[in-house]
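Participant: Okay, so here is my_file_32.cif, and as you'll see once you scroll down, it has mmCIF, C-alpha atoms.
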```cif
data_coords
#
loop_
_atom_site.label_atom_id
_atom_site.label_comp_id
_atom_site.auth_asym_id
_atom_site.auth_seq_id
_atom_site.Cartn_x
_atom_site.Cartn_y
_atom_site.Cartn_z
CA MET F 30 61.55 -27.79 -100.64
CA VAL F 31 60.77 -29.79 -103.75
CA ASN F 32 57.06 -29.33 -103.12
CA GLU F 33 57.52 -25.54 -102.87
CA MET F 34 59.38 -25.49 -106.18
CA ASN F 35 56.70 -27.61 -107.83
CA GLN F 36 54.00 -25.27 -106.53
CA GLU F 37 55.92 -22.25 -107.82
CA LEU F 38 56.34 -23.81 -111.24
CA ALA F 39 52.69 -24.79 -111.31
CA GLY F 40 51.70 -21.18 -110.57
CA MET F 41 53.84 -19.81 -113.38
CA LYS F 42 52.22 -19.12 -116.68
CA ALA F 43 53.27 -21.04 -119.77
CA PHE F 44 55.56 -18.83 -121.85
CA GLU F 45 56.84 -19.23 -125.38
CA VAL F 46 57.73 -16.92 -128.25
CA GLY F 47 54.52 -15.35 -129.58
CA THR F 48 52.62 -15.56 -126.29
CA ILE F 49 50.50 -12.48 -125.45
CA VAL F 50 50.86 -11.43 -121.81
CA THR F 51 49.81 -8.57 -119.55
CA GLY F 52 52.20 -7.14 -117.01
CA LYS F 53 52.97 -4.23 -114.71
CA VAL F 54 55.97 -1.95 -115.18
CA THR F 55 58.33 -2.34 -112.20
CA LYS F 56 61.36 -0.32 -113.25
CA ILE F 57 62.29 2.19 -115.97
CA GLU F 58 65.71 2.94 -117.40
CA ASP F 59 66.63 5.20 -120.30
CA LYS F 60 66.70 2.45 -122.93
CA GLN F 61 64.55 -0.31 -121.42
CA ALA F 62 61.74 -1.10 -119.00
CA PHE F 63 61.21 -4.06 -116.67
CA VAL F 64 57.80 -5.70 -116.42
CA ASP F 65 56.35 -8.27 -114.06
CA VAL F 66 54.34 -10.71 -116.18
CA GLY F 67 54.29 -13.63 -113.72
CA TYR F 68 57.48 -15.18 -115.00
CA LYS F 69 60.33 -16.34 -112.74
CA GLN F 70 61.99 -13.01 -113.55
CA ASP F 71 60.90 -9.64 -114.85
CA GLY F 72 60.65 -9.34 -118.59
CA ILE F 73 62.49 -6.60 -120.51
CA ILE F 74 61.01 -4.19 -123.05
CA PRO F 75 63.82 -2.65 -125.15
CA ILE F 76 63.14 0.97 -126.17
CA SER F 77 62.99 -0.13 -129.81
CA GLU F 78 60.01 -2.37 -128.97
CA LEU F 79 57.91 0.34 -127.40
CA SER F 80 56.66 2.09 -130.52
CA SER F 81 56.84 2.14 -134.28
CA LEU F 82 58.25 5.66 -133.98
CA HIS F 83 61.63 6.77 -132.67
CA ILE F 84 61.66 7.35 -128.88
CA GLU F 85 64.42 9.17 -127.01
CA LYS F 86 63.68 7.82 -123.49
CA VAL F 87 61.47 5.04 -122.16
CA ALA F 88 60.04 7.47 -119.62
CA ASP F 89 58.49 9.39 -122.53
CA VAL F 90 55.93 6.61 -123.00
CA LEU F 91 55.90 4.51 -119.79
CA THR F 92 55.77 5.03 -116.04
CA VAL F 93 56.16 2.59 -113.14
CA ASP F 94 52.97 0.61 -112.37
CA ASP F 95 51.60 1.03 -115.89
CA GLU F 96 49.76 -2.07 -117.05
CA VAL F 97 50.69 -3.05 -120.59
CA GLU F 98 49.86 -5.78 -123.06
CA LEU F 99 52.95 -7.37 -124.54
CA LYS F 100 54.15 -10.10 -126.86
CA VAL F 101 57.00 -12.49 -126.09
CA ILE F 102 59.61 -12.11 -128.82
CA LYS F 103 62.54 -13.89 -127.14
CA LEU F 104 62.69 -16.49 -124.38
CA THR F 105 65.74 -18.15 -122.78
CA ASP F 106 66.50 -19.49 -119.32
CA ASP F 107 68.03 -16.16 -118.44
CA GLU F 108 66.04 -13.67 -120.47
CA LEU F 109 62.46 -12.79 -121.37
CA VAL F 110 62.19 -10.09 -124.04
CA LEU F 111 58.83 -8.45 -124.65
CA SER F 112 57.38 -6.13 -127.26
CA LYS F 113 54.65 -3.53 -126.95
CA ARG F 114 55.15 -2.48 -130.56
CA ALA F 115 54.35 -5.97 -131.86
CA ILE F 116 50.95 -5.97 -130.15
CA GLN F 117 50.12 -2.50 -131.47
CA SER F 118 51.28 -3.46 -134.94
CA GLU F 119 49.12 -6.57 -135.20
CA LYS F 120 46.02 -4.76 -134.04
CA ALA F 121 46.81 -1.82 -136.30
CA TRP F 122 47.25 -3.86 -139.48
CA GLU F 123 43.94 -5.57 -138.90
CA SER F 124 42.16 -2.25 -138.35
CA LEU F 125 43.93 -0.54 -141.25
CA GLN F 126 42.98 -3.32 -143.63
CA GLU F 127 39.32 -2.74 -142.82
CA ILE F 128 39.72 1.03 -143.18
CA TYR F 129 41.44 0.54 -146.53
CA SER F 130 38.74 -1.81 -147.79
CA ASN F 131 35.96 0.59 -146.79
CA ASP F 132 37.82 3.66 -148.09
CA ASP F 133 37.28 5.31 -144.72
CA VAL F 134 38.81 8.54 -143.44
CA ILE F 135 40.94 8.36 -140.28
CA GLU F 136 42.56 11.01 -138.10
CA ALA F 137 46.17 11.00 -136.94
CA VAL F 138 48.57 13.42 -135.27
CA VAL F 139 51.77 14.25 -137.15
CA ALA F 140 54.57 12.80 -135.02
CA GLU F 141 57.56 13.65 -137.21
CA VAL F 142 58.53 15.85 -140.12
CA VAL F 143 61.03 14.00 -142.26
CA LYS F 144 62.65 14.49 -145.63
CA GLY F 145 59.99 13.97 -148.24
CA GLY F 146 56.93 14.16 -146.02
CA LEU F 147 55.28 13.51 -142.67
CA VAL F 148 55.11 10.54 -140.27
CA VAL F 149 52.18 9.49 -138.08
CA ASP F 150 51.75 6.67 -135.57
CA LEU F 151 48.74 4.44 -136.18
CA GLY F 152 50.15 1.49 -134.29
CA VAL F 153 52.44 1.17 -137.28
CA ARG F 154 54.52 3.88 -138.86
CA GLY F 155 52.48 5.71 -141.50
CA PHE F 156 54.10 7.94 -144.11
CA ILE F 157 52.45 10.88 -145.90
CA PRO F 158 54.54 11.88 -148.96
CA ALA F 159 54.91 15.63 -149.49
CA SER F 160 52.85 15.47 -152.68
CA LEU F 161 49.93 13.94 -150.77
CA VAL F 162 49.75 16.45 -147.93
CA GLU F 163 47.89 19.29 -149.65
CA ARG F 164 46.29 20.10 -153.00
CA HIS F 165 48.84 22.89 -153.42
CA TYR F 166 52.63 23.04 -153.16
CA VAL F 167 54.00 23.30 -149.61
CA GLU F 168 57.51 24.65 -149.09
CA ASP F 169 57.86 24.30 -145.31
CA PHE F 170 56.33 21.31 -143.51
CA SER F 171 57.58 22.19 -140.02
CA LYS F 172 54.26 23.76 -139.03
CA TYR F 173 52.51 20.39 -139.47
CA LYS F 174 54.15 18.72 -136.48
CA GLY F 175 51.53 18.08 -133.82
CA GLU F 176 48.65 18.81 -136.17
CA THR F 177 45.79 16.36 -136.59
CA LEU F 178 45.20 15.41 -140.21
CA ARG F 179 42.34 13.58 -141.88
CA LEU F 180 43.78 10.79 -143.99
CA LYS F 181 43.01 7.97 -146.36
CA VAL F 182 45.04 4.80 -146.79
CA VAL F 183 46.38 4.72 -150.34
CA GLU F 184 48.86 1.84 -150.02
CA LEU F 185 48.94 -1.03 -147.52
CA ASP F 186 51.68 -3.69 -147.44
CA LYS F 187 51.89 -5.59 -144.14
CA GLU F 188 54.68 -7.94 -145.28
CA ASN F 189 56.98 -5.03 -146.06
CA ASN F 190 55.66 -2.91 -143.18
CA LYS F 191 54.60 -0.20 -145.63
CA LEU F 192 51.73 2.20 -145.00
CA ILE F 193 51.21 5.21 -147.29
CA LEU F 194 48.58 7.78 -146.35
CA SER F 195 47.11 10.84 -148.06
CA GLN F 196 45.41 13.97 -146.81
CA ARG F 197 45.16 15.25 -150.38
CA ALA F 198 42.81 12.38 -151.28
CA VAL F 199 40.41 13.60 -148.59
CA LEU F 200 40.67 17.22 -149.75
CA ASP F 201 40.20 16.24 -153.41
CA GLU F 202 37.01 14.34 -152.61
CA GLU F 203 35.65 17.25 -150.61
CA ALA F 204 36.51 19.71 -153.37
CA GLU F 205 34.77 17.51 -155.93
CA SER F 206 31.69 17.26 -153.75
CA GLN F 207 31.71 21.02 -153.22
CA LYS F 208 32.07 21.59 -156.96
CA LYS F 209 28.99 19.47 -157.76
CA SER F 210 27.00 21.28 -155.10
CA VAL F 211 27.97 24.72 -156.41
CA LEU F 212 27.25 23.71 -160.02
CA GLN F 213 23.73 22.74 -159.03
CA GLU F 214 23.17 26.11 -157.35
CA ILE F 215 24.55 28.33 -160.12
CA ILE F 216 21.90 29.58 -162.55
CA PRO F 217 22.46 31.57 -165.77
CA GLY F 218 21.62 35.21 -165.19
CA GLN F 219 22.80 35.24 -161.56
CA ILE F 220 25.16 37.96 -160.39
CA ILE F 221 27.53 36.56 -157.79
CA GLU F 222 30.90 37.33 -156.22
CA GLY F 223 34.09 35.41 -156.84
CA THR F 224 37.87 35.61 -156.56
CA VAL F 225 40.19 35.92 -159.55
CA GLN F 226 42.31 32.77 -159.44
CA ARG F 227 44.54 33.11 -162.50
CA LEU F 228 44.94 35.10 -165.69
CA THR F 229 45.54 33.74 -169.17
CA SER F 230 45.92 35.35 -172.58
CA PHE F 231 42.25 34.65 -173.35
CA GLY F 232 40.62 35.66 -170.08
CA ALA F 233 40.42 35.27 -166.31
CA PHE F 234 39.39 32.28 -164.19
CA VAL F 235 37.23 33.19 -161.21
CA ASP F 236 36.67 30.93 -158.18
CA LEU F 237 32.97 30.83 -157.29
CA GLY F 238 33.46 28.80 -154.11
CA GLY F 239 34.76 25.49 -155.42
CA VAL F 240 34.11 25.99 -159.12
CA ASP F 241 36.26 28.03 -161.49
CA GLY F 242 34.37 29.97 -164.14
CA LEU F 243 35.92 31.69 -167.17
CA VAL F 244 35.50 35.36 -167.95
CA HIS F 245 36.53 35.56 -171.60
CA ILE F 246 38.62 38.60 -172.50
CA SER F 247 35.69 39.98 -174.49
CA GLN F 248 33.56 39.92 -171.30
CA LEU F 249 35.99 41.79 -169.05
CA ALA F 250 34.97 45.35 -169.97
CA HIS F 251 32.87 47.38 -172.36
CA HIS F 252 35.97 48.70 -174.11
CA ARG F 253 38.53 46.68 -176.02
CA VAL F 254 40.96 44.86 -173.69
CA GLU F 255 44.39 43.77 -174.90
CA THR F 256 45.34 41.69 -171.83
CA PRO F 257 43.22 40.67 -168.79
CA ALA F 258 45.80 42.25 -166.44
CA GLU F 259 44.60 45.66 -167.65
CA VAL F 260 41.29 45.08 -165.89
CA VAL F 261 41.72 42.52 -163.06
CA LYS F 262 44.45 40.97 -160.93
CA GLU F 263 44.85 37.61 -159.16
CA GLY F 264 43.25 37.52 -155.72
CA GLU F 265 40.85 40.36 -156.51
CA GLN F 266 37.19 40.07 -155.49
CA VAL F 267 34.87 40.68 -158.45
CA LYS F 268 31.21 40.60 -159.30
CA VAL F 269 30.31 38.39 -162.26
CA LYS F 270 27.19 37.49 -164.18
CA VAL F 271 26.65 33.82 -165.01
CA LEU F 272 26.23 33.48 -168.78
CA SER F 273 26.00 29.68 -169.02
CA VAL F 274 26.55 26.50 -167.00
CA ASP F 275 27.53 23.08 -168.38
CA SER F 276 27.35 20.66 -165.45
CA GLU F 277 28.67 17.68 -167.41
CA SER F 278 31.88 19.37 -168.54
CA GLU F 279 31.93 21.53 -165.37
CA ARG F 280 32.28 24.69 -167.44
CA VAL F 281 30.88 28.02 -166.36
CA SER F 282 30.97 31.12 -168.57
CA LEU F 283 30.99 34.46 -166.78
CA SER F 284 30.89 38.16 -167.56
CA ILE F 285 32.25 41.10 -165.61
CA LYS F 286 31.19 43.50 -168.36
CA ASP F 287 27.50 42.75 -167.81
CA THR F 288 27.74 43.82 -164.15
CA LEU F 289 29.17 47.24 -165.03
CA PRO F 290 27.28 50.34 -166.18
CA GLY F 291 27.26 50.42 -169.98
CA PRO F 292 29.14 53.14 -171.84
CA TRP F 293 25.85 54.74 -172.85
CA GLU F 294 24.81 54.95 -169.21
CA ASN F 295 28.11 56.62 -168.36
CA ILE F 296 27.58 59.49 -170.82
CA LYS F 297 24.11 60.30 -169.49
CA GLY F 298 24.19 63.97 -168.50
CA ASN F 299 27.68 64.44 -169.93
CA ILE F 300 26.77 64.84 -173.61
CA SER F 301 23.79 66.88 -174.81
CA GLN F 302 22.39 68.21 -178.05
CA GLY F 303 24.39 71.22 -179.23
CA ASP F 304 27.61 70.17 -177.46
CA VAL F 305 30.93 70.17 -179.29
CA VAL F 306 32.78 66.92 -178.64
CA ASP F 307 36.21 65.54 -179.43
CA GLY F 308 36.37 62.09 -180.94
CA THR F 309 38.31 59.55 -182.95
CA VAL F 310 37.31 58.36 -186.41
CA LYS F 311 36.76 54.63 -185.88
CA ARG F 312 35.16 53.52 -189.16
CA LEU F 313 34.48 54.96 -192.56
CA VAL F 314 31.45 53.68 -194.46
CA SER F 315 29.82 54.71 -197.72
CA PHE F 316 27.19 56.84 -195.98
CA GLY F 317 29.41 58.54 -193.42
CA ALA F 318 31.86 58.12 -190.53
CA PHE F 319 31.54 56.65 -187.04
CA ILE F 320 33.25 58.78 -184.38
CA GLU F 321 34.05 57.42 -180.90
CA VAL F 322 33.18 60.22 -178.50
CA ALA F 323 33.62 58.14 -175.28
CA ASP F 324 34.77 54.62 -174.41
CA GLY F 325 32.39 52.31 -176.28
CA VAL F 326 30.19 55.15 -177.57
CA GLU F 327 30.16 56.01 -181.27
CA GLY F 328 28.19 58.68 -183.10
CA LEU F 329 27.51 58.94 -186.82
CA VAL F 330 28.56 61.84 -189.01
CA HIS F 331 26.45 61.46 -192.14
CA ILE F 332 28.35 62.07 -195.37
CA SER F 333 26.31 65.24 -195.87
CA GLN F 334 27.62 66.55 -192.52
CA ILE F 335 31.33 65.90 -193.08
CA ALA F 336 32.28 68.93 -195.19
CA ASN F 337 30.78 72.25 -196.33
CA ARG F 338 31.11 71.09 -199.92
CA HIS F 339 29.93 68.07 -201.84
CA ILE F 340 32.11 64.95 -201.39
CA GLY F 341 31.85 61.53 -203.03
CA THR F 342 33.19 59.43 -200.16
CA PRO F 343 34.07 60.16 -196.48
CA SER F 344 37.68 59.13 -197.16
CA GLU F 345 38.14 62.28 -199.27
CA VAL F 346 38.16 64.24 -196.00
CA LEU F 347 38.66 61.81 -193.12
CA THR F 348 40.98 58.93 -192.20
CA GLU F 349 40.48 56.24 -189.57
CA GLY F 350 42.23 57.10 -186.31
CA GLU F 351 42.05 60.82 -186.95
CA GLN F 352 41.07 63.14 -184.08
CA VAL F 353 38.18 65.45 -184.95
CA GLU F 354 35.71 67.87 -183.41
CA ALA F 355 32.01 67.51 -184.08
CA LYS F 356 28.75 69.07 -182.99
CA VAL F 357 25.98 66.94 -181.46
CA LEU F 358 22.88 67.33 -183.63
CA ASP F 359 20.79 64.74 -181.81
CA ILE F 360 21.25 62.17 -179.02
CA ASN F 361 18.97 59.24 -178.08
CA LEU F 362 20.31 57.19 -175.16
CA GLU F 363 17.52 54.60 -175.29
CA GLU F 364 18.26 53.80 -178.92
CA LYS F 365 21.99 54.32 -178.36
CA ARG F 366 22.25 56.76 -181.22
CA ILE F 367 24.13 60.04 -181.64
CA SER F 368 24.03 62.21 -184.77
CA LEU F 369 27.07 64.42 -185.29
CA SER F 370 28.14 67.14 -187.68
CA ILE F 371 31.59 68.38 -188.63
CA ARG F 372 30.12 70.69 -191.29
CA ALA F 373 28.17 72.63 -188.67
CA LEU F 374 31.42 73.67 -187.00
CA LEU F 375 32.99 74.61 -190.34
CA GLU F 376 29.99 76.80 -191.17
CA GLU F 377 30.16 78.42 -187.76
CA ASP F 378 33.83 79.20 -188.39
CA THR F 379 32.91 80.75 -191.75
CA LYS F 380 30.19 82.84 -190.12
CA GLU F 381 32.67 84.01 -187.52
CA ASP F 382 35.09 85.04 -190.29
CA HIS F 383 32.35 86.96 -192.11
CA TYR F 384 31.29 88.60 -188.87
CA ALA F 385 34.86 89.66 -188.19
CA GLU F 386 35.11 91.21 -191.68
CA TYR F 387 31.81 93.04 -191.15
CA GLU F 388 32.95 94.40 -187.80
CA GLN F 389 36.13 95.68 -189.42
CA PHE F 390 34.12 97.32 -192.19
CA LYS F 391 31.89 99.10 -189.68
CA GLU F 392 34.89 100.31 -187.74
CA GLU F 393 36.46 101.77 -190.86
CA GLU F 394 33.26 103.51 -191.88
CA SER F 395 32.86 105.09 -188.48
CA SER F 396 36.41 106.45 -188.60
CA GLY F 397 35.82 108.08 -192.01
CA PHE F 398 38.23 105.88 -193.87
CA SER F 399 37.15 103.05 -196.08
CA LEU F 400 39.16 100.21 -197.47
CA ALA F 401 38.90 101.82 -200.91
CA ASP F 402 40.32 105.05 -199.51
CA ARG F 403 43.31 103.23 -198.12
CA ILE F 404 43.94 101.42 -201.37
CA GLY F 405 43.57 104.72 -203.24
CA ASP F 406 46.09 106.41 -201.01
CA GLN F 407 48.52 103.57 -201.56
CA LEU F 408 48.11 103.88 -205.35
CA LYS F 409 48.78 107.64 -205.21
CA ASN F 410 51.92 107.03 -203.29
CA LEU F 411 53.07 104.55 -205.91
CA LYS F 412 52.39 107.01 -208.75
CA SER F 413 54.25 109.79 -207.04
CA LYS F 414 57.27 107.57 -206.83
#
```
In structure tokens, write the structure found in this file.
Facilitator:
Amino acid sequence: MVNEMNQELAGMKAFEVGTIVTGKVTKIEDKQAFVDVGYKQDGIIPISELSSLHIEKVADVLTVDDEVELKVIKLTDDELVLSKRAIQSEKAWESLQEIYSNDDVIEAVVAEVVKGGLVVDLGVRGFIPASLVERHYVEDFSKYKGETLRLKVVELDKENNKLILSQRAVLDEEAESQKKSVLQEIIPGQIIEGTVQRLTSFGAFVDLGGVDGLVHISQLAHHRVETPAEVVKEGEQVKVKVLSVDSESERVSLSIKDTLPGPWENIKGNISQGDVVDGTVKRLVSFGAFIEVADGVEGLVHISQIANRHIGTPSEVLTEGEQVEAKVLDINLEEKRISLSIRALLEEDTKEDHYAEYEQFKEEESSGFSLADRIGDQLKNLKSK
């Protein structure tokens, strides 16, 4: 009997707190599991020692006959308490330290969505603060549960069991790399497509695929623009011409105006010599007046063509902002020049008046009554009275 006991004791492994053992799961309950590790009795794994994350039931992570590596955390004559979490944690901290030192990217599945961020299991509980999940603001994090994220370790504190992770750090690095690549490919003079990201009082920022370029308000259209919202809106796809690229400051100047037909191209076929056009007096100068006859198109009325009489200055007849009619004397689209005349229309009106008087005179002659006869008759009538 004594010999049998001695043989049994000799066959038992040496156990003490901290010992690493391997065992087979023999029984599972809701809050604990029993494991045969070669001790005189089965060891117990409390549910809290199964994982760094919260677990509802032991059966969620273990099944009977599973082989597991465990650490002895408590040992008495009557009880052997084991931990799976402790083994995972030690291995994890060692691995995470190396990852942190090398600034490596790791992948992890989001296990929980908690107040203030997300939780992942890397052998230890890792926390991703809300501000480090994306590069943009996220209102609802529920969709992230179960998703695999690429992460960087931004804070590691084994003593306080603290592990802070960031997906945003990975995204920021990729965006920076993409920006440098795009900047190298963009060449002044190129016409490319982009997306309007945001509007400001001085222009519009356009995303060119990782790089934001500025379309100054003066480069939005050929006509004068008061606010960028008159021409473009956020999210709109636009064509832009690259005006300049400064790789060091990462500044790109763009133009939408240069991708659009010019105002002089737009009037081709619409305005010809001899036409009468409506326009607005834009500027008065000593030698005449500039009249805007279409958006961005101005013609000159020489001072000699403003009135059918001699004038000293254009301001004697015209004021800036006034609406006028003028006749096209000459148009040269290549040189972007239009010569106009207001006098020509005034003279035509005078001719029309003279013609009307002549027609009336002829009508009177043909009827046998002249203007003089009518006046004479009226005088006789007066005398008789």
Participant: On this file, the PyMOL selection byres ((chain F and resi 141) around 12) gives some set of residues; write that set as a list in words.
Facilitator: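 Given this file, the PyMOL selection byres ((chain F and resi 141) around 12) evaluates to Ser81, Leu82, His83, Ile84, Ala137, Val138, Val139, Ala140, Val142, Val143, Lys144, Gly145, Gly146, Leu147, Val148, Val149, Asp150, Arg154, Gly155, Phe156, Ile157, Phe170, Ser171, Lys172, Tyr173, Lys174, Gly175 and Glu176 of chain F.
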Participant: Deliver the residues from the most recent selection as a file, using C-alpha atoms, as a tab-separated table (two decimals), in the coordinates of the input.
Facilitator:
```
chain	number	residue	atom	x	y	z
F	81	SER	CA	56.84	2.14	-134.28
F	82	LEU	CA	58.25	5.66	-133.98
F	83	HIS	CA	61.63	6.77	-132.67
F	84	ILE	CA	61.66	7.35	-128.88
F	137	ALA	CA	46.17	11.00	-136.94
F	138	VAL	CA	48.57	13.42	-135.27
F	139	VAL	CA	51.77	14.25	-137.15
F	140	ALA	CA	54.57	12.80	-135.02
F	142	VAL	CA	58.53	15.85	-140.12
F	143	VAL	CA	61.03	14.00	-142.26
F	144	LYS	CA	62.65	14.49	-145.63
F	145	GLY	CA	59.99	13.97	-148.24
F	146	GLY	CA	56.93	14.16	-146.02
F	147	LEU	CA	55.28	13.51	-142.67
F	148	VAL	CA	55.11	10.54	-140.27
F	149	VAL	CA	52.18	9.49	-138.08
F	150	ASP	CA	51.75	6.67	-135.57
F	154	ARG	CA	54.52	3.88	-138.86
F	155	GLY	CA	52.48	5.71	-141.50
F	156	PHE	CA	54.10	7.94	-144.11
F	157	ILE	CA	52.45	10.88	-145.90
F	170	PHE	CA	56.33	21.31	-143.51
F	171	SER	CA	57.58	22.19	-140.02
F	172	LYS	CA	54.26	23.76	-139.03
F	173	TYR	CA	52.51	20.39	-139.47
F	174	LYS	CA	54.15	18.72	-136.48
F	175	GLY	CA	51.53	18.08	-133.82
F	176	GLU	CA	48.65	18.81	-136.17
```
Participant: When you draw a straight line from CA of Val50 (chain F) to CA of Ile74 (chain F), how long is it in Å?
Facilitator: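 Computing it gives 12.5 Å between the two atoms.
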Participant: Mind telling me what the PyMOL selection byres ((chain F and resi 136) around 8) catches here, as a list in words?
Facilitator: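 So the PyMOL selection byres ((chain F and resi 136) around 8) ends up selecting Val134, Ile135, Ala137, Val138, Thr177, Leu178, Arg179 and Leu180 of chain F.
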Participant: Have a look at CA of Gly223 (chain F) and CA of Leu237 (chain F) and let me know their distance in Å, one decimal.
Facilitator: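 CA of Leu237 (chain F) lies 4.7 Å from CA of Gly223 (chain F).
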Participant: Using all atoms listed in the file, find the one residue out of F:Ser284, F:Ser210, F:Gln117, F:Thr348 that sits nearest to Thr309 (chain F).
Facilitator: F:Thr348
Participant: Could you tell me which residues the PyMOL selection byres ((chain F and resi 234) around 9) grabs in this file, written as JSON, numbers by chain?
Facilitator: {"F": [224, 225, 226, 227, 228, 229, 232, 233, 235, 236, 241, 242, 243, 244, 245]}
Participant: Can you spit out the residues from that selection as a tab-separated table (two decimals), in the coordinates of the input, using C-alpha atoms?
Facilitator:
```tsv
chain	number	residue	atom	x	y	z
F	224	THR	CA	37.87	35.61	-156.56
F	225	VAL	CA	40.19	35.92	-159.55
F	226	GLN	CA	42.31	32.77	-159.44
F	227	ARG	CA	44.54	33.11	-162.50
F	228	LEU	CA	44.94	35.10	-165.69
F	229	THR	CA	45.54	33.74	-169.17
F	232	GLY	CA	40.62	35.66	-170.08
F	233	ALA	CA	40.42	35.27	-166.31
F	235	VAL	CA	37.23	33.19	-161.21
F	236	ASP	CA	36.67	30.93	-158.18
F	241	ASP	CA	36.26	28.03	-161.49
F	242	GLY	CA	34.37	29.97	-164.14
F	243	LEU	CA	35.92	31.69	-167.17
F	244	VAL	CA	35.50	35.36	-167.95
F	245	HIS	CA	36.53	35.56	-171.60
```
Participant: Neighbours of Gly317 (chain F) within 6 Å (only C-alpha atoms; same-chain residues fewer than 2 positions away dropped), as a list in words?
Facilitator: Val314, Ser315, Val330, His331, Ile332 and Pro343 of chain F
Participant: Can you tell me, as an MDAnalysis selection string, what residues are no more than 7 Å from region 355-361 of chain F when counting all atoms listed in the file, ignoring any on the same chain fewer than 3 positions away?
Facilitator: chainID F and resid 301:307 364:371 373:374
Participant: F:Ile296, F:Ala258, F:Leu111, F:Ile335: which is nearest Tyr68 (chain F), counting all atoms listed in the file?
Facilitator: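 Closest candidate: F:Leu111.
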Participant: Tell me which of F:Asp201, F:Val87, F:Gln334, F:Glu45 sits closest to Glu58 (chain F), counting all atoms listed in the file.
Facilitator: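 Of the candidates, the smallest distance to Glu58 (chain F) is held by F:Val87.
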Participant: For a quick check of understanding, using only C-alpha atoms, which of F:Gly328, F:Gly350, F:Pro292, F:Gly239 has the smallest distance to Glu279 (chain F)?
Facilitator: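 Looking at the shortest contact to Glu279 (chain F), the residue is F:Gly239.
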Participant: Using only C-alpha atoms, can you tell me which of F:Leu109, F:Val269, F:Ala323, F:Ala62 comes closest to Ile220 (chain F)?
Facilitator: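 For Ile220 (chain F), the nearest of the candidates is F:Val269.
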Participant: Taking N, CA and C atoms as the atom set, what does region 331-342 of chain F look like once completed, written as a PDB file, in the coordinates of the input?
Facilitator:
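Result written to part.pdb:
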```
ATOM      1  N   HIS F 331      26.919  61.811-190.803  1.00  0.00           N
ATOM      2  CA  HIS F 331      26.450  61.460-192.140  1.00  0.00           C
ATOM      3  C   HIS F 331      27.341  62.131-193.177  1.00  0.00           C
ATOM      4  N   ILE F 332      27.447  61.533-194.335  1.00  0.00           N
ATOM      5  CA  ILE F 332      28.350  62.070-195.370  1.00  0.00           C
ATOM      6  C   ILE F 332      28.021  63.521-195.701  1.00  0.00           C
ATOM      7  N   SER F 333      26.726  63.867-195.570  1.00  0.00           N
ATOM      8  CA  SER F 333      26.310  65.240-195.870  1.00  0.00           C
ATOM      9  C   SER F 333      26.758  66.222-194.794  1.00  0.00           C
ATOM     10  N   GLN F 334      27.213  65.703-193.629  1.00  0.00           N
ATOM     11  CA  GLN F 334      27.620  66.550-192.520  1.00  0.00           C
ATOM     12  C   GLN F 334      29.132  66.550-192.275  1.00  0.00           C
ATOM     13  N   ILE F 335      29.868  65.988-193.252  1.00  0.00           N
ATOM     14  CA  ILE F 335      31.330  65.900-193.080  1.00  0.00           C
ATOM     15  C   ILE F 335      32.028  67.181-193.517  1.00  0.00           C
ATOM     16  N   ALA F 336      31.604  67.737-194.634  1.00  0.00           N
ATOM     17  CA  ALA F 336      32.280  68.930-195.190  1.00  0.00           C
ATOM     18  C   ALA F 336      31.240  69.948-195.638  1.00  0.00           C
ATOM     19  N   ASN F 337      31.686  71.200-195.853  1.00  0.00           N
ATOM     20  CA  ASN F 337      30.780  72.250-196.330  1.00  0.00           C
ATOM     21  C   ASN F 337      30.811  72.344-197.850  1.00  0.00           C
ATOM     22  N   ARG F 338      31.144  71.246-198.457  1.00  0.00           N
ATOM     23  CA  ARG F 338      31.110  71.090-199.920  1.00  0.00           C
ATOM     24  C   ARG F 338      30.697  69.671-200.238  1.00  0.00           C
ATOM     25  N   HIS F 339      30.349  69.418-201.461  1.00  0.00           N
ATOM     26  CA  HIS F 339      29.930  68.070-201.840  1.00  0.00           C
ATOM     27  C   HIS F 339      31.163  67.141-201.918  1.00  0.00           C
ATOM     28  N   ILE F 340      31.044  65.960-201.296  1.00  0.00           N
ATOM     29  CA  ILE F 340      32.110  64.950-201.390  1.00  0.00           C
ATOM     30  C   ILE F 340      31.507  63.634-201.844  1.00  0.00           C
ATOM     31  N   GLY F 341      32.329  62.829-202.526  1.00  0.00           N
ATOM     32  CA  GLY F 341      31.850  61.530-203.030  1.00  0.00           C
ATOM     33  C   GLY F 341      31.937  60.427-201.994  1.00  0.00           C
ATOM     34  N   THR F 342      33.004  60.440-201.216  1.00  0.00           N
ATOM     35  CA  THR F 342      33.190  59.430-200.160  1.00  0.00           C
ATOM     36  C   THR F 342      33.791  60.108-198.934  1.00  0.00           C
TER      37      THR F 342
END
```
